[in-house]
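Okay, so here's the structure we're looking at.
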Amino acid sequence: MISKYRTIGIVAMLVAASFAAILAQDAATHVASGQREILLQANQSWNGKPYTHYPTGQPQLTTIRLTIAPHTALPWHTHPFPNVVYVLSGTLTLHDRASGKTLVVHQGQAVGESVDAVHRGETGDEPAVLLITYAGTPGVPTSVPAKGEKAEY
C-alpha cells in the first residue's frame with residue numbers, strides 16, 4: 001500500500017515538474033521586436049567630408065574602447081576607412097587640422113570620423129571613454145599618425 005502511494009506521489013511530482021518546465025519554457029521563448037534607436041547614419045564625416053569608398057578586400061570590423069585622460073589632446077592622425085565613435089562617458093572635442101573646424105561630442109552621442117583627413121580629439125575636465133568601430137580590412141591599421149606625431153593608441 002505504501003509503495004502505491006509512493007508511486008502516485010512520484011508521478012504527481014513528475015507531472016508538476018513537467019508543467020513547471022513547460023511554463024518556464026514558454027516564458028523564456030517570448031518573441032517580441034526590440035526597440036531601435038539610430039545613433040548615427042551618415043554618408044559624410046563630422047567635418048563635412050563625404051565617404052567616397054570602402055577599402056577593397058576582405059571586410060574586417062574592429063571595435064575598441066579608448067579611454068583618454070582629462071585635459072589630454074590625442075596626437076594628430078588619420079583613419080584610412082570609415083569609423084564611428086560613441087561617447088560612453090565624458091566629452092570629446094574633435095579638431096580638423098586643415099579647416100580648423102571643431103565639434104563637441106557629449107556622452108551618449110555618436111559621430112562619424114573623417115577618412116584621410118588629419119584630426120584629433122581632446123578631453124576637458126574629465127576623462128572620455130569612447131567606443132570606436134572601424135569598417136576596415138585585415139592588415140590595415142585603424143589609425144595612422146600624422147607626420148612627426150606619436151600613435152593615437
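By convention in this document, the chains of the C-alpha cells carry letters A, B, ... by their order, each chain's residues are numbered from 1, and ligands are numbered from 1 in the order they are shown.
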
Within 8 Å of range 38-45 of chain A using only C-alpha atoms, minus same-chain residues under 6 positions, as a ChimeraX atom specification: /A:51,109-115

Within 10 Å of range 129-151 of chain A, which residues of range 18-90 of chain A come that close, and what is the closest atom pair and distance in Å for each? Count only C-alpha atoms and give it as JSON lines.
```
{"residue": "A:Tyr54", "atom": "CA", "partner": "A:Gly136", "partner_atom": "CA", "distance": 7.8}
{"residue": "A:Pro55", "atom": "CA", "partner": "A:Gly136", "partner_atom": "CA", "distance": 6.6}
{"residue": "A:Thr56", "atom": "CA", "partner": "A:Thr137", "partner_atom": "CA", "distance": 7.6}
{"residue": "A:Gly57", "atom": "CA", "partner": "A:Thr137", "partner_atom": "CA", "distance": 6.5}
{"residue": "A:Gln58", "atom": "CA", "partner": "A:Thr137", "partner_atom": "CA", "distance": 5.8}
{"residue": "A:Pro59", "atom": "CA", "partner": "A:Thr137", "partner_atom": "CA", "distance": 4.9}
{"residue": "A:Gln60", "atom": "CA", "partner": "A:Thr137", "partner_atom": "CA", "distance": 4.7}
{"residue": "A:Leu61", "atom": "CA", "partner": "A:Ala135", "partner_atom": "CA", "distance": 4.9}
{"residue": "A:Thr62", "atom": "CA", "partner": "A:Tyr134", "partner_atom": "CA", "distance": 5.1}
{"residue": "A:Thr63", "atom": "CA", "partner": "A:Thr133", "partner_atom": "CA", "distance": 4.2}
{"residue": "A:Ile64", "atom": "CA", "partner": "A:Ile132", "partner_atom": "CA", "distance": 5.3}
{"residue": "A:Arg65", "atom": "CA", "partner": "A:Leu131", "partner_atom": "CA", "distance": 4.6}
{"residue": "A:Leu66", "atom": "CA", "partner": "A:Leu130", "partner_atom": "CA", "distance": 5.1}
{"residue": "A:Thr67", "atom": "CA", "partner": "A:Val129", "partner_atom": "CA", "distance": 4.5}
{"residue": "A:Ile68", "atom": "CA", "partner": "A:Val129", "partner_atom": "CA", "distance": 6.4}
{"residue": "A:Ala69", "atom": "CA", "partner": "A:Val129", "partner_atom": "CA", "distance": 8.9}
{"residue": "A:Leu74", "atom": "CA", "partner": "A:Ala151", "partner_atom": "CA", "distance": 8.6}
{"residue": "A:Pro75", "atom": "CA", "partner": "A:Glu149", "partner_atom": "CA", "distance": 5.9}
{"residue": "A:Trp76", "atom": "CA", "partner": "A:Ala146", "partner_atom": "CA", "distance": 5.5}
{"residue": "A:His77", "atom": "CA", "partner": "A:Pro145", "partner_atom": "CA", "distance": 4.3}
{"residue": "A:Thr78", "atom": "CA", "partner": "A:Val144", "partner_atom": "CA", "distance": 5.2}
{"residue": "A:His79", "atom": "CA", "partner": "A:Ser143", "partner_atom": "CA", "distance": 4.9}
{"residue": "A:Pro80", "atom": "CA", "partner": "A:Thr142", "partner_atom": "CA", "distance": 6.8}
{"residue": "A:Phe81", "atom": "CA", "partner": "A:Gly136", "partner_atom": "CA", "distance": 6.0}
{"residue": "A:Pro82", "atom": "CA", "partner": "A:Ala135", "partner_atom": "CA", "distance": 5.9}
{"residue": "A:Asn83", "atom": "CA", "partner": "A:Tyr134", "partner_atom": "CA", "distance": 4.3}
{"residue": "A:Val84", "atom": "CA", "partner": "A:Thr133", "partner_atom": "CA", "distance": 5.3}
{"residue": "A:Val85", "atom": "CA", "partner": "A:Ile132", "partner_atom": "CA", "distance": 4.5}
{"residue": "A:Tyr86", "atom": "CA", "partner": "A:Leu131", "partner_atom": "CA", "distance": 5.1}
{"residue": "A:Val87", "atom": "CA", "partner": "A:Leu130", "partner_atom": "CA", "distance": 4.6}
{"residue": "A:Leu88", "atom": "CA", "partner": "A:Val129", "partner_atom": "CA", "distance": 5.4}
{"residue": "A:Ser89", "atom": "CA", "partner": "A:Val129", "partner_atom": "CA", "distance": 5.2}
{"residue": "A:Gly90", "atom": "CA", "partner": "A:Val129", "partner_atom": "CA", "distance": 6.5}
```

Looking only at the backbone, which of the residues in chain A does DSSP tag as strand (DSSP E or B), as a PyMOL selection string? chain A and resi 44+50+60-68+73+77-78+83-89+91-96+102-106+110-112+119-123+128-136+144-145

Export, as a PDB file, in the first residue's frame, the selected residues with C-alpha atoms.
```pdb
ATOM      1  CA  GLN A  44      29.913  62.042 -44.617  1.00  0.00           C
ATOM      2  CA  PRO A  50      31.932  62.679 -47.874  1.00  0.00           C
ATOM      3  CA  GLN A  60      37.077  43.367 -41.036  1.00  0.00           C
ATOM      4  CA  LEU A  61      35.139  45.124 -38.280  1.00  0.00           C
ATOM      5  CA  THR A  62      37.167  46.296 -35.289  1.00  0.00           C
ATOM      6  CA  THR A  63      35.680  47.779 -32.122  1.00  0.00           C
ATOM      7  CA  ILE A  64      37.882  49.326 -29.449  1.00  0.00           C
ATOM      8  CA  ARG A  65      37.243  51.006 -26.124  1.00  0.00           C
ATOM      9  CA  LEU A  66      39.520  54.035 -25.813  1.00  0.00           C
ATOM     10  CA  THR A  67      39.980  55.908 -22.534  1.00  0.00           C
ATOM     11  CA  ILE A  68      41.531  59.376 -22.716  1.00  0.00           C
ATOM     12  CA  ALA A  73      44.840  66.067 -26.718  1.00  0.00           C
ATOM     13  CA  HIS A  77      46.238  61.297 -37.028  1.00  0.00           C
ATOM     14  CA  THR A  78      44.118  59.982 -39.903  1.00  0.00           C
ATOM     15  CA  ASN A  83      34.583  54.597 -38.358  1.00  0.00           C
ATOM     16  CA  VAL A  84      32.054  55.602 -35.729  1.00  0.00           C
ATOM     17  CA  VAL A  85      32.837  56.991 -32.279  1.00  0.00           C
ATOM     18  CA  TYR A  86      30.269  56.628 -29.487  1.00  0.00           C
ATOM     19  CA  VAL A  87      30.990  58.560 -26.278  1.00  0.00           C
ATOM     20  CA  LEU A  88      30.320  56.273 -23.318  1.00  0.00           C
ATOM     21  CA  SER A  89      31.312  58.939 -20.782  1.00  0.00           C
ATOM     22  CA  THR A  91      33.116  64.861 -23.569  1.00  0.00           C
ATOM     23  CA  LEU A  92      35.324  64.830 -26.655  1.00  0.00           C
ATOM     24  CA  THR A  93      36.168  67.858 -28.778  1.00  0.00           C
ATOM     25  CA  LEU A  94      37.200  66.948 -32.322  1.00  0.00           C
ATOM     26  CA  HIS A  95      39.571  69.217 -34.260  1.00  0.00           C
ATOM     27  CA  ASP A  96      40.149  69.174 -38.040  1.00  0.00           C
ATOM     28  CA  THR A 102      35.704  71.690 -34.205  1.00  0.00           C
ATOM     29  CA  LEU A 103      32.848  69.599 -32.889  1.00  0.00           C
ATOM     30  CA  VAL A 104      31.996  68.817 -29.260  1.00  0.00           C
ATOM     31  CA  VAL A 105      30.588  65.320 -28.712  1.00  0.00           C
ATOM     32  CA  HIS A 106      28.936  64.513 -25.381  1.00  0.00           C
ATOM     33  CA  ALA A 110      27.832  59.186 -31.855  1.00  0.00           C
ATOM     34  CA  VAL A 111      29.830  60.771 -34.652  1.00  0.00           C
ATOM     35  CA  GLY A 112      31.331  59.565 -37.934  1.00  0.00           C
ATOM     36  CA  HIS A 119      42.344  65.436 -36.976  1.00  0.00           C
ATOM     37  CA  ARG A 120      42.478  64.759 -33.252  1.00  0.00           C
ATOM     38  CA  GLY A 121      40.302  64.570 -30.168  1.00  0.00           C
ATOM     39  CA  GLU A 122      40.692  66.481 -26.929  1.00  0.00           C
ATOM     40  CA  THR A 123      39.147  65.968 -23.497  1.00  0.00           C
ATOM     41  CA  ALA A 128      36.438  60.444 -22.004  1.00  0.00           C
ATOM     42  CA  VAL A 129      35.621  56.798 -22.662  1.00  0.00           C
ATOM     43  CA  LEU A 130      34.898  56.051 -26.300  1.00  0.00           C
ATOM     44  CA  LEU A 131      33.594  53.019 -28.162  1.00  0.00           C
ATOM     45  CA  ILE A 132      35.008  53.136 -31.705  1.00  0.00           C
ATOM     46  CA  THR A 133      34.018  50.790 -34.527  1.00  0.00           C
ATOM     47  CA  TYR A 134      36.070  50.657 -37.726  1.00  0.00           C
ATOM     48  CA  ALA A 135      34.963  49.178 -41.077  1.00  0.00           C
ATOM     49  CA  GLY A 136      38.367  48.132 -42.399  1.00  0.00           C
ATOM     50  CA  VAL A 144      47.754  56.376 -38.859  1.00  0.00           C
ATOM     51  CA  PRO A 145      49.852  59.056 -37.105  1.00  0.00           C
TER      52      PRO A 145
END
```

Point-to-point distance from CA of Ser99 in chain A to CA of Gly124 in chain A, Å rounded to tenths: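 Atom-to-atom, CA of Ser99 in chain A to CA of Gly124 in chain A, that is 21.6 Å.
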
DSSP on the backbone, helix (DSSP H, G or I) only: what residues of range 24-132 of chain A does that give? Format it as a short mmCIF file (atom, residue, chain, number, x, y, z; two decimals) with C-alpha atoms, in the first residue's frame.
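After the write, result.cif holds the following:
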```cif
data_model
loop_
_atom_site.label_atom_id
_atom_site.label_comp_id
_atom_site.auth_asym_id
_atom_site.auth_seq_id
_atom_site.Cartn_x
_atom_site.Cartn_y
_atom_site.Cartn_z
CA ALA A 24 9.19 28.34 -17.77
CA GLN A 25 9.98 27.43 -21.37
CA ASP A 26 7.02 29.47 -22.63
CA ALA A 27 8.20 32.47 -20.59
CA ALA A 28 11.76 32.12 -21.93
#
```

In Å, rounded to a single decimal, give me how far CA of Thr52 in chain A is from CA of Val118 in chain A.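 Calculated distance between CA of Val118 in chain A and CA of Thr52 in chain A is 16.7 Å.
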